[in-house]
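Quick look at model30.csv (CSV, C-alpha atoms):
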```
chain,number,residue,atom,x,y,z
P,1,MET,CA,0.0,0.0,0.0
P,2,LEU,CA,2.8,2.4,0.9
P,3,HIS,CA,4.3,2.3,-2.6
P,4,ARG,CA,1.0,3.6,-4.0
P,5,LEU,CA,1.3,6.8,-2.0
P,6,HIS,CA,2.8,9.9,-3.6
P,7,ARG,CA,6.3,10.1,-2.2
P,8,LEU,CA,5.5,13.4,-0.4
P,9,ASP,CA,2.6,11.7,1.3
P,10,ARG,CA,4.9,8.8,2.2
P,11,ALA,CA,7.4,11.2,3.7
P,12,THR,CA,4.6,12.9,5.7
P,13,LEU,CA,3.5,9.4,7.0
P,14,VAL,CA,7.1,8.5,8.0
P,15,LEU,CA,7.6,11.8,9.8
P,16,GLY,CA,4.3,11.2,11.7
P,17,VAL,CA,5.4,7.7,12.6
P,18,VAL,CA,8.7,9.1,13.9
P,19,ALA,CA,6.8,11.6,16.0
P,20,LEU,CA,4.7,8.8,17.5
P,21,LEU,CA,7.7,6.6,18.2
P,22,SER,CA,9.7,9.4,19.7
P,23,SER,CA,7.2,9.7,22.5
P,24,LEU,CA,8.6,6.3,23.6
P,25,THR,CA,11.8,8.1,24.6
P,26,ALA,CA,9.9,9.1,27.7
P,27,PHE,CA,10.7,5.6,29.0
P,28,THR,CA,14.4,6.3,29.0
P,29,ALA,CA,13.8,8.8,31.9
P,30,SER,CA,12.2,6.1,34.0
P,31,GLY,CA,15.5,5.1,35.7
P,32,VAL,CA,15.2,1.6,34.4
P,33,GLY,CA,17.9,1.9,31.7
P,34,PRO,CA,21.3,3.7,31.8
P,35,HIS,CA,20.9,7.5,32.0
P,36,GLN,CA,23.3,7.9,29.1
P,37,LEU,CA,20.4,6.7,26.9
P,38,ASP,CA,18.1,9.5,28.1
P,39,PHE,CA,18.7,11.4,24.8
P,40,ILE,CA,15.7,13.7,24.8
P,41,LYS,CA,13.6,15.1,27.6
P,42,VAL,CA,10.1,14.0,26.8
P,43,ARG,CA,7.5,14.4,29.6
P,44,ALA,CA,3.7,14.2,29.8
P,45,ALA,CA,2.7,17.3,27.8
P,46,VAL,CA,5.3,16.7,25.2
P,47,ILE,CA,4.0,13.1,24.8
P,48,ALA,CA,0.6,14.5,24.1
P,49,VAL,CA,1.9,16.9,21.5
P,50,LEU,CA,3.9,14.1,19.8
P,51,LEU,CA,0.9,11.7,19.8
P,52,VAL,CA,-1.6,14.3,18.5
P,53,THR,CA,0.6,15.8,15.8
P,54,GLY,CA,2.1,12.4,14.9
P,55,ALA,CA,-1.4,10.9,14.4
P,56,CYS,CA,-2.4,14.0,12.4
P,57,ALA,CA,0.6,13.6,10.1
P,58,VAL,CA,0.0,9.8,9.7
P,59,VAL,CA,-3.6,10.4,8.7
P,60,GLY,CA,-2.6,13.3,6.4
P,61,GLY,CA,0.0,11.0,4.7
P,62,LEU,CA,-2.4,8.1,4.2
P,63,LEU,CA,-5.2,10.3,2.9
P,64,GLY,CA,-3.0,12.6,0.9
P,65,ARG,CA,-4.3,15.7,2.7
P,66,ARG,CA,-1.6,18.3,2.8
P,67,ALA,CA,-3.6,20.5,5.2
P,68,LEU,CA,-3.2,17.9,7.9
P,69,ALA,CA,0.6,17.9,7.4
P,70,LEU,CA,0.5,21.6,7.7
P,71,ILE,CA,-1.5,21.5,10.9
P,72,ALA,CA,0.8,18.9,12.4
P,73,SER,CA,3.8,21.0,11.4
P,74,ALA,CA,2.3,24.2,12.9
P,75,GLY,CA,1.5,22.3,16.2
P,76,LEU,CA,5.1,21.0,16.5
P,77,LEU,CA,6.7,24.3,15.7
P,78,LEU,CA,4.4,26.2,18.1
P,79,ALA,CA,5.3,23.7,20.8
P,80,ALA,CA,9.0,24.1,20.0
P,81,ALA,CA,8.8,27.9,20.2
P,82,VAL,CA,6.9,27.7,23.6
P,83,GLN,CA,9.5,25.2,24.9
P,84,LEU,CA,12.4,27.4,23.7
P,85,LEU,CA,11.0,30.4,25.7
P,86,GLN,CA,10.3,28.3,28.8
P,87,ALA,CA,13.3,26.0,28.9
P,88,ARG,CA,14.7,26.0,32.5
P,89,GLN,CA,12.2,28.7,33.5
P,90,PRO,CA,9.9,28.5,36.6
P,91,THR,CA,7.0,28.3,34.2
P,92,ASN,CA,7.5,25.3,31.9
P,93,TRP,CA,4.2,24.1,30.5
P,94,LEU,CA,5.7,21.3,28.5
P,95,GLY,CA,8.2,20.2,31.1
P,96,GLY,CA,11.0,19.8,28.6
P,97,ASP,CA,14.3,21.5,27.9
P,98,ALA,CA,16.3,22.5,24.9
P,99,SER,CA,16.6,18.9,23.7
P,100,THR,CA,12.8,18.9,23.4
P,101,VAL,CA,13.1,22.0,21.3
P,102,ALA,CA,15.3,20.2,18.8
P,103,LEU,CA,13.0,17.2,18.5
P,104,LEU,CA,9.8,19.2,18.1
P,105,GLY,CA,11.6,21.7,15.8
P,106,GLY,CA,13.2,19.1,13.6
P,107,LEU,CA,10.0,17.2,13.0
P,108,GLY,CA,8.0,20.4,12.5
P,109,MET,CA,10.5,21.8,10.0
P,110,GLY,CA,10.6,18.5,8.1
P,111,LEU,CA,6.8,18.3,7.9
P,112,LEU,CA,6.6,21.9,6.8
P,113,ALA,CA,9.2,21.4,4.0
P,114,VAL,CA,7.4,18.4,2.7
P,115,ALA,CA,3.9,20.0,3.0
P,116,LEU,CA,5.0,23.1,1.1
P,117,ALA,CA,6.8,21.3,-1.7
P,118,ASP,CA,5.3,21.8,-5.1
P,119,ARG,CA,3.5,18.6,-6.1
P,120,ARG,CA,3.3,19.6,-9.8
P,121,GLN,CA,7.1,19.2,-9.9
P,122,THR,CA,7.2,15.9,-8.2
P,123,GLY,CA,5.0,13.9,-10.5
P,124,GLU,CA,7.8,11.7,-11.7
P,125,THR,CA,8.0,8.0,-11.1
P,126,GLU,CA,9.8,6.6,-8.1
P,127,LYS,CA,12.6,5.3,-10.3
P,128,GLU,CA,13.2,8.7,-11.9
P,129,ALA,CA,13.2,10.3,-8.4
P,130,GLN,CA,15.8,7.8,-7.2
P,131,ARG,CA,17.9,8.5,-10.3
P,132,GLY,CA,17.6,12.2,-9.6
P,133,SER,CA,18.5,12.1,-5.9
P,134,GLY,CA,21.6,10.1,-6.7
P,135,ARG,CA,22.8,12.8,-9.1
P,136,SER,CA,25.4,15.2,-7.9
P,137,THR,CA,24.9,19.0,-8.1
W,1,MET,CA,55.0,-8.0,-10.7
W,2,GLU,CA,53.2,-11.2,-11.7
W,3,SER,CA,50.7,-10.8,-8.8
W,4,ASN,CA,50.0,-7.2,-9.8
W,5,ARG,CA,49.1,-8.3,-13.4
W,6,LEU,CA,46.9,-11.0,-12.0
W,7,MET,CA,45.1,-8.6,-9.7
W,8,ALA,CA,44.6,-6.1,-12.5
W,9,ALA,CA,43.1,-8.8,-14.7
W,10,ALA,CA,40.8,-10.2,-12.0
W,11,PRO,CA,37.1,-9.2,-12.5
W,12,ALA,CA,35.4,-7.3,-9.6
W,13,THR,CA,33.2,-9.6,-7.6
W,14,SER,CA,29.6,-8.3,-7.1
W,15,ALA,CA,29.2,-10.5,-4.1
W,16,ASP,CA,31.4,-8.3,-2.0
W,17,ALA,CA,29.2,-6.7,0.7
W,18,THR,CA,31.2,-3.6,0.8
W,19,ASP,CA,30.3,-2.9,-2.8
W,20,ASP,CA,26.6,-2.5,-2.0
W,21,PRO,CA,26.0,1.2,-2.2
W,22,SER,CA,22.4,1.0,-0.8
W,23,GLN,CA,23.8,-0.6,2.4
W,24,ALA,CA,26.4,2.1,2.7
W,25,ARG,CA,23.8,4.9,2.3
W,26,TRP,CA,21.5,3.2,4.8
W,27,LEU,CA,24.3,3.0,7.4
W,28,MET,CA,25.2,6.7,6.8
W,29,ALA,CA,21.5,7.6,7.7
W,30,VAL,CA,22.1,5.7,11.0
W,31,VAL,CA,25.3,7.8,11.6
W,32,ARG,CA,23.4,11.0,10.8
W,33,VAL,CA,20.6,10.3,13.3
W,34,GLY,CA,23.2,9.2,15.9
W,35,VAL,CA,25.2,12.5,15.4
W,36,ALA,CA,21.9,14.4,15.7
W,37,LEU,CA,21.2,12.6,19.0
W,38,LEU,CA,24.7,13.6,20.2
W,39,TRP,CA,23.7,17.3,19.8
W,40,ILE,CA,20.2,16.9,21.1
W,41,GLN,CA,21.2,15.2,24.4
W,42,ASN,CA,23.9,17.8,25.1
W,43,LEU,CA,21.3,20.6,24.8
W,44,SER,CA,19.8,19.4,28.1
W,45,TRP,CA,22.6,20.9,30.3
W,46,LYS,CA,22.7,24.2,28.5
W,47,ALA,CA,20.4,26.3,30.8
W,48,PRO,CA,19.2,29.7,29.7
W,49,PRO,CA,19.0,32.5,30.6
W,50,ASP,CA,22.5,32.8,32.2
W,51,PHE,CA,23.9,29.5,31.0
W,52,GLY,CA,25.8,29.0,34.2
W,53,LYS,CA,27.5,32.4,34.4
W,54,ASN,CA,26.1,33.2,37.9
W,55,SER,CA,27.0,29.8,39.4
W,56,GLY,CA,30.3,29.4,37.5
W,57,GLY,CA,29.1,26.1,36.1
W,58,GLY,CA,27.3,24.8,33.0
W,59,LEU,CA,28.3,26.2,29.6
W,60,TYR,CA,30.1,29.1,31.2
W,61,LYS,CA,32.5,26.8,33.0
W,62,TRP,CA,33.3,24.9,29.7
W,63,ALA,CA,33.7,28.1,27.7
W,64,LYS,CA,36.0,29.5,30.3
W,65,PHE,CA,38.4,26.6,29.9
W,66,ALA,CA,39.5,28.3,26.6
W,67,VAL,CA,41.0,31.0,28.8
W,68,ASP,CA,42.1,29.0,31.9
W,69,GLU,CA,43.6,26.1,29.8
W,70,PRO,CA,44.3,27.8,26.5
W,71,VAL,CA,44.6,25.7,23.4
W,72,PHE,CA,45.2,28.4,20.8
W,73,GLY,CA,46.2,31.9,21.8
W,74,PRO,CA,44.0,34.1,19.5
W,75,TYR,CA,40.9,32.0,20.3
W,76,ALA,CA,41.6,32.3,24.0
W,77,TRP,CA,41.9,36.1,23.6
W,78,PHE,CA,38.6,36.1,21.7
W,79,VAL,CA,36.8,34.2,24.3
W,80,GLU,CA,38.2,36.3,27.2
W,81,HIS,CA,37.5,39.7,25.6
W,82,VAL,CA,34.4,39.0,23.4
W,83,VAL,CA,32.6,35.8,24.5
W,84,LEU,CA,32.7,35.9,28.3
W,85,PRO,CA,31.7,39.6,28.7
W,86,ASN,CA,28.7,38.9,26.4
W,87,PHE,CA,27.9,35.4,27.6
W,88,THR,CA,24.1,35.6,27.5
W,89,VAL,CA,24.2,36.3,23.7
W,90,PHE,CA,26.9,33.7,23.2
W,91,GLY,CA,24.9,31.1,25.2
W,92,TRP,CA,21.7,31.7,23.1
W,93,LEU,CA,23.7,31.5,19.9
W,94,THR,CA,25.2,28.2,21.0
W,95,LEU,CA,21.9,26.8,22.0
W,96,LEU,CA,20.2,27.8,18.8
W,97,ALA,CA,23.1,26.5,16.7
W,98,GLU,CA,23.1,23.1,18.5
W,99,ALA,CA,19.3,22.9,18.5
W,100,GLY,CA,19.5,23.4,14.7
W,101,LEU,CA,22.2,20.8,14.4
W,102,GLY,CA,20.1,18.3,16.3
W,103,ALA,CA,16.8,19.2,14.5
W,104,PHE,CA,18.1,19.3,10.9
W,105,LEU,CA,20.4,16.3,11.1
W,106,LEU,CA,17.6,14.3,12.7
W,107,VAL,CA,15.3,14.7,9.7
W,108,GLY,CA,18.0,15.1,7.1
W,109,LEU,CA,17.1,18.6,5.8
W,110,ALA,CA,19.8,20.8,4.4
W,111,THR,CA,22.2,18.1,5.7
W,112,ARG,CA,25.4,19.2,4.0
W,113,LEU,CA,25.1,22.8,5.3
W,114,TRP,CA,24.4,21.5,8.9
W,115,ALA,CA,27.3,19.1,8.6
W,116,LEU,CA,29.6,22.0,7.9
W,117,ILE,CA,28.1,24.0,10.8
W,118,GLY,CA,28.8,20.8,12.9
W,119,VAL,CA,32.4,20.9,11.9
W,120,VAL,CA,32.7,24.6,12.9
W,121,GLN,CA,31.0,24.0,16.2
W,122,SER,CA,33.1,20.9,16.9
W,123,VAL,CA,36.3,22.9,16.2
W,124,ALA,CA,35.1,25.7,18.5
W,125,ILE,CA,34.4,23.2,21.3
W,126,ALA,CA,37.7,21.5,20.8
W,127,LEU,CA,39.5,24.9,21.0
W,128,SER,CA,37.8,25.5,24.3
W,129,VAL,CA,38.2,22.2,26.1
W,130,LEU,CA,41.0,20.3,24.5
W,131,ASN,CA,43.3,21.1,27.4
W,132,ALA,CA,40.7,20.8,30.2
W,133,PRO,CA,41.4,18.2,32.8
W,134,HIS,CA,40.3,14.6,32.1
W,135,GLU,CA,39.3,15.3,28.5
W,136,TRP,CA,39.9,12.7,25.8
W,137,HIS,CA,41.1,14.7,22.7
W,138,TRP,CA,40.0,12.0,20.3
W,139,ALA,CA,36.4,12.6,21.3
W,140,TYR,CA,36.5,16.0,19.6
W,141,PHE,CA,38.6,14.8,16.6
W,142,LEU,CA,35.9,12.1,16.1
W,143,MET,CA,33.1,14.7,16.3
W,144,ILE,CA,34.8,16.7,13.5
W,145,LEU,CA,35.4,13.6,11.4
W,146,ALA,CA,31.8,12.4,11.8
W,147,HIS,CA,30.5,15.7,10.4
W,148,VAL,CA,33.0,15.5,7.5
W,149,ALA,CA,31.6,12.1,6.7
W,150,LEU,CA,28.0,13.4,6.8
W,151,PHE,CA,29.1,16.2,4.4
W,152,ALA,CA,31.0,13.9,2.1
W,153,THR,CA,28.2,11.4,1.7
W,154,ALA,CA,25.4,14.0,1.6
W,155,ALA,CA,23.8,11.8,4.3
W,156,GLY,CA,20.3,13.4,4.1
W,157,ARG,CA,19.7,12.0,0.7
W,158,THR,CA,18.8,8.5,2.1
W,159,PHE,CA,16.0,8.3,4.7
W,160,GLY,CA,16.1,12.0,4.9
W,161,VAL,CA,13.9,15.0,3.8
W,162,ASP,CA,16.7,16.0,1.4
W,163,GLY,CA,16.2,12.8,-0.6
W,164,VAL,CA,12.5,13.4,-0.9
W,165,LEU,CA,12.6,17.0,-1.9
W,166,ARG,CA,15.7,17.2,-4.1
W,167,PRO,CA,13.8,16.2,-7.3
W,168,THR,CA,11.4,19.1,-6.6
W,169,TRP,CA,14.2,21.5,-5.9
W,170,ARG,CA,16.0,20.4,-9.1
W,171,ALA,CA,12.9,21.0,-11.2
W,172,SER,CA,12.3,24.5,-9.7
W,173,SER,CA,14.0,27.6,-11.0
W,174,GLY,CA,13.5,29.5,-7.8
W,175,ARG,CA,16.6,30.8,-5.9
W,176,VAL,CA,15.6,29.1,-2.6
W,177,ALA,CA,15.2,25.8,-4.4
W,178,ARG,CA,18.6,26.2,-6.1
W,179,LEU,CA,20.2,27.0,-2.7
W,180,LEU,CA,18.6,24.0,-1.0
W,181,LEU,CA,19.8,21.8,-3.8
W,182,ARG,CA,23.3,22.9,-3.1
W,183,VAL,CA,23.2,22.5,0.7
W,184,SER,CA,21.4,19.2,0.7
```

Rewrite the structure of this file - the entire thing - as structure tokens.
Amino acid sequence: MLHRLHRLDRATLVLGVVALLSSLTAFTASGVGPHQLDFIKVRAAVIAVLLVTGACAVVGGLLGRRALALIASAGLLLAAAVQLLQARQPTNWLGGDASTVALLGGLGMGLLAVALADRRQTGETEKEAQRGSGRST
Amino acid sequence: MESNRLMAAAPATSADATDDPSQARWLMAVVRVGVALLWIQNLSWKAPPDFGKNSGGGLYKWAKFAVDEPVFGPYAWFVEHVVLPNFTVFGWLTLLAEAGLGAFLLVGLATRLWALIGVVQSVAIALSVLNAPHEWHWAYFLMILAHVALFATAAGRTFGVDGVLRPTWRASSGRVARLLLRVS
């Protein structure tokens, strides 16, 4: 089924899945595993953001709805901006730090770039796209 | 002499695993995400708004090593007279640069540009802390080399947003698209 999707929709779907899976990094803070693996500070409110925006992107990718990718991207970037301003502050709605900013910001920027891409110029077949991406500038 | 002639005549074997370019690209995507996580995890201890200046710890402590345990004279002078007196600005610039490194390398967007920024940032860190007590100098050399590898292999083109969007950028005549094509 995945190979039938437009590759921009497939990218949206993958970024949504990554957002959903990254919520699992909350478990690394549980003290069960080594603290060296606590890569990203993901706490309750951030988990909610990742699950909602991730689900939005997955549905957007599956249905080919660019608006849903844009909504997910806006949600992630807004959360990243809020977290950037509140990192290590007494008021910290999301409970994260600068590592959370990077995660939310990266996924948000990635989704935004894919959602804003001109689909008229990406109508080539997958084989042509692969040939093109392997070409040097 | 004879063995050289034999080696030149021997056909390349396609069964050699190291000849598989798709495997190499896939593994470079793993390296890219790993390097992104390196930057992301090390954002946690960079604490705005003072970045440790008031307590003498955190980022301030590590930046001050450039002056206390100098590695390169001109850089030590720069840190002492420019960076430390304006540490809040420097702290925010560091945080934004490293957040950008983590974010963009994670999803593979404008990867070659961020790999170069990673080289610059790794060199700056090395010039600050290379002579600090208990530091392993190869950690910083390896950071620099990892970013060189990401740049050389354009590591965002496989399992990265660069790979998805480069055909679009190539087809576009816009200046932003041409720029993104160059830095991806």

As a ChimeraX atom specification, could you give me every residue of chain W near chain P (at most 9 Å apart, counting all atoms listed in the file)?
/W:37-49,95-96,98-109,157-158,160-172,181-182

Residue contacts of Lys64 in chain W (8 Å, all atoms listed in the file) excluding same-chain residues fewer than 4 positions away, as a ChimeraX atom specification
/W:60,68,79-80,84,128

What separation in Å, quoted to one decimal, exists between CA of Leu150 in chain W and CA of Thr25 in chain P?
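CA of Leu150 in chain W sits 24.6 Å away from CA of Thr25 in chain P.
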
Which one of W:Val89, W:Ala154, W:Val129, W:Leu59 sits closest to Ala24 in chain W if you count all atoms listed in the file?
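When distances to Ala24 in chain W are compared using all atoms listed in the file, the smallest one comes from W:Ala154.
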
Return the single residue from P:Val59, P:Leu21, P:Ala115, P:Val46 that is closest to Leu78 in chain P, with distances computed using all atoms listed in the file.
P:Val46

So that I can check the surroundings of range 141-144 of chain W, please list as a PyMOL selection string every protein, DNA and RNA residue that reaches within 12 Å of it, counting all atoms listed in the file and ignoring chain neighbours fewer than 4 positions away.
chain W and resi 31-32+34-36+38-39+115-127+130+135-137+148-151

Work out how far CA of Ala57 in chain P is from CA of Ser184 in chain W, in Å to one decimal.
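So the answer is 23.5 Å.
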
One decimal, in Å: what's the spacing between CA of Ala44 in chain P and CA of Phe27 in chain P?
11.1 Å
